[in-house]
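Engineer: I am sharing work_33.txt, which consists of compact mmCIF, C-alpha atoms:
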```
# COMPACT_ATOMS: atom_id res chain seq x y z
CA MET A 1 -33.18 -28.88 12.35
CA ALA A 2 -31.34 -29.42 15.61
CA SER A 3 -28.24 -27.32 16.12
CA ILE A 4 -24.81 -28.77 16.60
CA ALA A 5 -23.58 -25.85 18.68
CA ARG A 6 -24.60 -22.40 19.86
CA LEU A 7 -22.86 -19.28 18.54
CA ARG A 8 -20.91 -17.78 21.45
CA ASN A 9 -18.96 -14.84 20.04
CA VAL A 10 -18.14 -12.89 16.92
CA VAL A 11 -14.40 -12.20 17.18
CA ILE A 12 -12.84 -9.27 15.37
CA ASP A 13 -9.08 -8.90 14.89
CA CYS A 14 -7.72 -5.40 15.36
CA PRO A 15 -4.67 -3.44 16.51
CA ASP A 16 -6.33 -1.96 19.65
CA PRO A 17 -9.06 -4.17 21.17
CA LEU A 18 -10.27 -1.74 23.82
CA ALA A 19 -10.54 1.21 21.43
CA LEU A 20 -12.51 -0.79 18.88
CA ALA A 21 -14.77 -2.28 21.58
CA GLU A 22 -15.51 1.25 22.80
CA PHE A 23 -16.40 2.29 19.24
CA TYR A 24 -18.91 -0.57 18.89
CA ALA A 25 -20.27 0.04 22.41
CA ALA A 26 -21.09 3.59 21.30
CA VAL A 27 -22.77 2.21 18.15
CA ALA A 28 -24.69 -0.76 19.58
CA GLY A 29 -24.68 -0.40 23.38
CA GLY A 30 -23.08 -2.39 26.16
CA SER A 31 -19.87 -1.91 28.10
CA PRO A 32 -16.52 -3.36 27.07
CA ALA A 33 -14.77 -5.64 29.55
CA ALA A 34 -11.05 -6.22 29.09
CA GLU A 35 -10.32 -9.83 30.03
CA GLU A 36 -6.67 -9.50 28.96
CA ASP A 37 -4.57 -6.82 27.24
CA ASP A 38 -5.21 -8.51 23.91
CA TRP A 39 -8.86 -9.62 24.42
CA VAL A 40 -11.89 -7.41 25.11
CA VAL A 41 -15.51 -8.58 25.30
CA LEU A 42 -18.52 -6.40 24.49
CA GLU A 43 -21.82 -7.96 25.48
CA LEU A 44 -24.57 -6.20 23.54
CA PRO A 45 -27.98 -5.51 25.11
CA ASP A 46 -29.57 -8.35 23.08
CA GLY A 47 -27.03 -10.87 24.43
CA LEU A 48 -24.74 -11.15 21.39
CA ARG A 49 -21.07 -10.91 22.29
CA LEU A 50 -18.55 -9.09 20.12
CA CYS A 51 -14.97 -9.88 21.10
CA PHE A 52 -11.94 -7.92 19.99
CA GLN A 53 -8.58 -9.64 19.69
CA ARG A 54 -5.24 -7.90 19.22
CA ALA A 55 -3.61 -8.91 15.94
CA GLU A 56 -0.01 -7.85 15.56
CA GLU A 57 0.73 -6.42 12.11
CA TYR A 58 -3.03 -6.16 11.45
CA THR A 59 -3.95 -5.10 7.92
CA PRO A 60 -7.53 -3.91 7.35
CA PRO A 61 -9.69 -5.44 4.62
CA GLU A 62 -9.69 -3.74 1.23
CA TRP A 63 -13.43 -3.45 0.60
CA PRO A 64 -14.81 -4.40 -1.87
CA ARG A 65 -11.78 -6.27 -3.23
CA ALA A 66 -11.89 -10.04 -3.30
CA ASP A 67 -8.49 -10.68 -4.87
CA ARG A 68 -6.29 -9.54 -1.98
CA ASN A 69 -6.91 -9.00 1.73
CA SER A 70 -10.67 -9.21 1.28
CA GLN A 71 -13.19 -8.88 4.07
CA GLN A 72 -14.22 -12.15 5.64
CA PHE A 73 -17.55 -10.83 6.98
CA HIS A 74 -19.15 -7.56 7.99
CA LEU A 75 -21.69 -6.38 10.56
CA ASP A 76 -25.10 -4.92 9.64
CA PHE A 77 -26.81 -2.54 12.06
CA ASP A 78 -30.52 -1.66 11.97
CA ALA A 79 -30.47 2.15 12.02
CA GLY A 80 -34.26 2.52 11.83
CA PRO A 81 -37.12 2.55 9.35
CA THR A 82 -36.46 5.92 7.68
CA TRP A 83 -33.58 7.57 5.85
CA GLU A 84 -33.73 10.33 8.47
CA ASP A 85 -32.90 7.65 11.07
CA VAL A 86 -30.00 6.42 8.94
CA ASP A 87 -28.79 10.01 8.40
CA ALA A 88 -28.81 10.61 12.18
CA ALA A 89 -26.96 7.34 12.82
CA GLU A 90 -24.44 8.20 10.09
CA LYS A 91 -23.57 11.51 11.74
CA LYS A 92 -22.95 9.70 15.02
CA VAL A 93 -20.76 6.91 13.64
CA LEU A 94 -18.72 9.40 11.60
CA ALA A 95 -18.17 11.45 14.77
CA LEU A 96 -16.93 8.27 16.48
CA GLY A 97 -14.31 7.70 13.78
CA ALA A 98 -16.11 5.65 11.13
CA ARG A 99 -15.44 6.41 7.47
CA LEU A 100 -18.08 6.34 4.72
CA LEU A 101 -17.25 3.89 1.92
CA ARG A 102 -20.46 3.81 -0.09
CA ARG A 103 -23.66 5.78 -0.16
CA GLU A 104 -26.15 5.14 -2.95
CA ASP A 105 -27.39 8.37 -4.55
CA ASP A 106 -30.76 6.74 -5.24
CA PRO A 107 -32.36 5.83 -1.89
CA ASP A 108 -34.74 3.43 -3.64
CA ALA A 109 -31.84 1.39 -5.03
CA GLU A 110 -30.50 0.08 -1.69
CA ASP A 111 -31.46 0.04 1.97
CA PHE A 112 -27.95 0.38 3.41
CA ARG A 113 -24.77 2.44 3.51
CA VAL A 114 -21.27 1.02 3.92
CA TYR A 115 -18.67 2.35 6.38
CA THR A 116 -15.44 1.23 8.00
CA ASP A 117 -14.84 1.23 11.72
CA PRO A 118 -11.67 2.94 13.01
CA ALA A 119 -9.66 -0.26 12.39
CA GLY A 120 -10.89 -0.54 8.78
CA HIS A 121 -13.53 -3.31 9.09
CA PRO A 122 -16.56 -2.72 6.85
CA PHE A 123 -20.00 -2.43 8.46
CA CYS A 124 -23.41 -1.23 7.27
CA LEU A 125 -26.11 1.01 8.60
CA CYS A 126 -29.36 -0.40 7.23
CA ARG A 127 -32.81 1.08 6.80
CA ILE A 128 -35.12 -1.64 8.07
CA ASP A 129 -38.88 -1.17 7.64
```
Write the structure described by the file as structure tokens, please.

Structural biologist:
Amino acid sequence: MASIARLRNVVIDCPDPLALAEFYAAVAGGSPAAEEDDWVVLELPDGLRLCFQRAEEYTPPEWPRADRNSQQFHLDFDAGPTWEDVDAAEKKVLALGARLLRREDDPDAEDFRVYTDPAGHPFCLCRID
């Protein structure tokens, strides 16, 4: 099927665009570039662009609620093929300011763990074979 348009950016609302761009640069690579005080672009090594936009009176999503202030989307990151890889990635994102929301006690039940970034957006570290 022919596309209508090409995806340019994933834009994330937040209270501090540069701080959140720096968090994701540490997670996924790249260097943030502030285009304005309220707009920061992070071009990832694979070419995807994450943009961070200041939102006054920002309220973080209440994961996993769907009845009020629910998440609109979340980001999944490939942390590697083993749980040891995911464990190592988890230590790093927690040190950067992420917060663990959900970790399955049975590693055979799920291939991901859920966190929030410092602004409260959910994201996952996934074990990808």

Engineer: What does the structure give for the distance between atom CA of A:Ala33 and atom CA of A:Gly80, in Å to one decimal?

Structural biologist: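 The value is 27.6 Å.
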
Engineer: Under the rule that only C-alpha atoms are counted, which of A:Pro15, A:Leu20, A:Phe52, A:Ser3 is the nearest residue to A:Pro118?

Structural biologist: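 Ranking A:Pro15, A:Leu20, A:Phe52, A:Ser3 by distance to A:Pro118, first place goes to A:Leu20.
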
Engineer: Which is closest to A:Ala95 among A:Cys126, A:Ala26, A:Leu18, A:Val114, if we use only C-alpha atoms?

Structural biologist: A:Ala26

Engineer: Rounded to one decimal place, report the atom CA of A:Val11-atom CA of A:Gln53 distance in Å.

Structural biologist: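 Rounded to one decimal, the two atoms are 6.8 Å apart.
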
Engineer: Go through A:Ile128, A:Trp63, A:Arg103, A:Asp117 one by one, measure the shortest atom-to-atom distance of each to A:Ile12 using all atoms listed in the file, and give the residue with the smallest value.

Structural biologist: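 For A:Ile12, the nearest of the candidates is A:Asp117.
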
Engineer: Using atom CA of A:Cys14 and atom CA of A:Ala88 as the two end points, give the distance in Å to one decimal.

Structural biologist: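 Computing the Euclidean distance for atom CA of A:Cys14 and atom CA of A:Ala88 yields 26.7 Å.
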
Engineer: My list of candidates is A:Ala2, A:Leu75, A:Ala66, A:Leu7. Which is closest to A:Leu48 when distances are computed with all atoms listed in the file?

Structural biologist: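 Smallest distance to A:Leu48 is found for A:Leu7.
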
Engineer: Show me as a PDB file with C-alpha atoms, in the frame of the given file the residues that reach within 12 Å of (-38.1, -2.3, 5.4), counting only C-alpha atoms and using the file's own coordinates.

Structural biologist:
```
ATOM      1  CA  ASP A  78     -30.520  -1.660  11.970  1.00  0.00           C
ATOM      2  CA  ALA A  79     -30.470   2.150  12.020  1.00  0.00           C
ATOM      3  CA  GLY A  80     -34.260   2.520  11.830  1.00  0.00           C
ATOM      4  CA  PRO A  81     -37.120   2.550   9.350  1.00  0.00           C
ATOM      5  CA  THR A  82     -36.460   5.920   7.680  1.00  0.00           C
ATOM      6  CA  TRP A  83     -33.580   7.570   5.850  1.00  0.00           C
ATOM      7  CA  ASP A 108     -34.740   3.430  -3.640  1.00  0.00           C
ATOM      8  CA  GLU A 110     -30.500   0.080  -1.690  1.00  0.00           C
ATOM      9  CA  ASP A 111     -31.460   0.040   1.970  1.00  0.00           C
ATOM     10  CA  PHE A 112     -27.950   0.380   3.410  1.00  0.00           C
ATOM     11  CA  CYS A 126     -29.360  -0.400   7.230  1.00  0.00           C
ATOM     12  CA  ARG A 127     -32.810   1.080   6.800  1.00  0.00           C
ATOM     13  CA  ILE A 128     -35.120  -1.640   8.070  1.00  0.00           C
ATOM     14  CA  ASP A 129     -38.880  -1.170   7.640  1.00  0.00           C
TER      15      ASP A 129
END
```

Engineer: Of the residues A:Tyr58, A:Pro45, A:Ala98, A:Ala109, which is the one nearest to A:Leu125, using only C-alpha atoms?

Structural biologist: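 Among the listed residues, the smallest separation from A:Leu125 belongs to A:Ala98.
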
Engineer: Which of these residues is nearest to A:Phe23, using only C-alpha atoms: A:Val10, A:Met1, A:Val93, A:Val40?

Structural biologist: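 Nearest to A:Phe23: A:Val93.
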
Engineer: Which neighbours of A:Ala28 fall inside 7 Å, counting all atoms listed in the file, when residues of the same chain fewer than 3 positions from it are skipped, and could you give them as JSON, numbers by chain?

Structural biologist: {"A": [24, 25, 44]}

Engineer: Would you mind completing stretch 79-93 of chain A to N, CA, C and O atoms and writing the output as a short mmCIF file (atom, residue, chain, number, x, y, z; two decimals), keeping the file's coordinate frame?

Structural biologist:
```
data_model
loop_
_atom_site.label_atom_id
_atom_site.label_comp_id
_atom_site.auth_asym_id
_atom_site.auth_seq_id
_atom_site.Cartn_x
_atom_site.Cartn_y
_atom_site.Cartn_z
N ALA A 79 -30.51 0.75 11.60
CA ALA A 79 -30.47 2.15 12.02
C ALA A 79 -31.86 2.77 12.13
O ALA A 79 -32.00 3.91 12.55
N GLY A 80 -32.88 2.02 11.74
CA GLY A 80 -34.26 2.52 11.83
C GLY A 80 -34.99 2.41 10.52
O GLY A 80 -34.42 2.05 9.49
N PRO A 81 -36.30 2.75 10.54
CA PRO A 81 -37.12 2.55 9.35
C PRO A 81 -37.08 3.67 8.31
O PRO A 81 -37.60 3.50 7.21
N THR A 82 -36.46 4.81 8.62
CA THR A 82 -36.46 5.92 7.68
C THR A 82 -35.03 6.35 7.34
O THR A 82 -34.09 6.06 8.09
N TRP A 83 -34.90 7.05 6.20
CA TRP A 83 -33.58 7.57 5.85
C TRP A 83 -33.15 8.65 6.82
O TRP A 83 -31.94 8.84 7.05
N GLU A 84 -34.09 9.34 7.44
CA GLU A 84 -33.73 10.33 8.47
C GLU A 84 -33.05 9.63 9.64
O GLU A 84 -32.09 10.16 10.21
N ASP A 85 -33.55 8.43 10.01
CA ASP A 85 -32.90 7.65 11.07
C ASP A 85 -31.49 7.26 10.67
O ASP A 85 -30.55 7.35 11.47
N VAL A 86 -31.33 6.83 9.43
CA VAL A 86 -30.00 6.42 8.94
C VAL A 86 -29.08 7.65 8.89
O VAL A 86 -27.91 7.57 9.29
N ASP A 87 -29.59 8.78 8.43
CA ASP A 87 -28.79 10.01 8.40
C ASP A 87 -28.29 10.38 9.80
O ASP A 87 -27.12 10.75 9.99
N ALA A 88 -29.18 10.28 10.79
CA ALA A 88 -28.81 10.61 12.18
C ALA A 88 -27.76 9.63 12.69
O ALA A 88 -26.78 10.04 13.34
N ALA A 89 -27.94 8.34 12.40
CA ALA A 89 -26.96 7.34 12.82
C ALA A 89 -25.62 7.56 12.12
O ALA A 89 -24.56 7.42 12.72
N GLU A 90 -25.67 7.94 10.84
CA GLU A 90 -24.44 8.20 10.09
C GLU A 90 -23.64 9.32 10.74
O GLU A 90 -22.42 9.19 10.92
N LYS A 91 -24.29 10.39 11.10
CA LYS A 91 -23.57 11.51 11.74
C LYS A 91 -22.86 11.04 13.00
O LYS A 91 -21.72 11.42 13.28
N LYS A 92 -23.53 10.18 13.76
CA LYS A 92 -22.95 9.70 15.02
C LYS A 92 -21.76 8.78 14.79
O LYS A 92 -20.74 8.91 15.46
N VAL A 93 -21.89 7.82 13.85
CA VAL A 93 -20.76 6.91 13.64
C VAL A 93 -19.57 7.63 13.02
O VAL A 93 -18.42 7.32 13.34
#
```
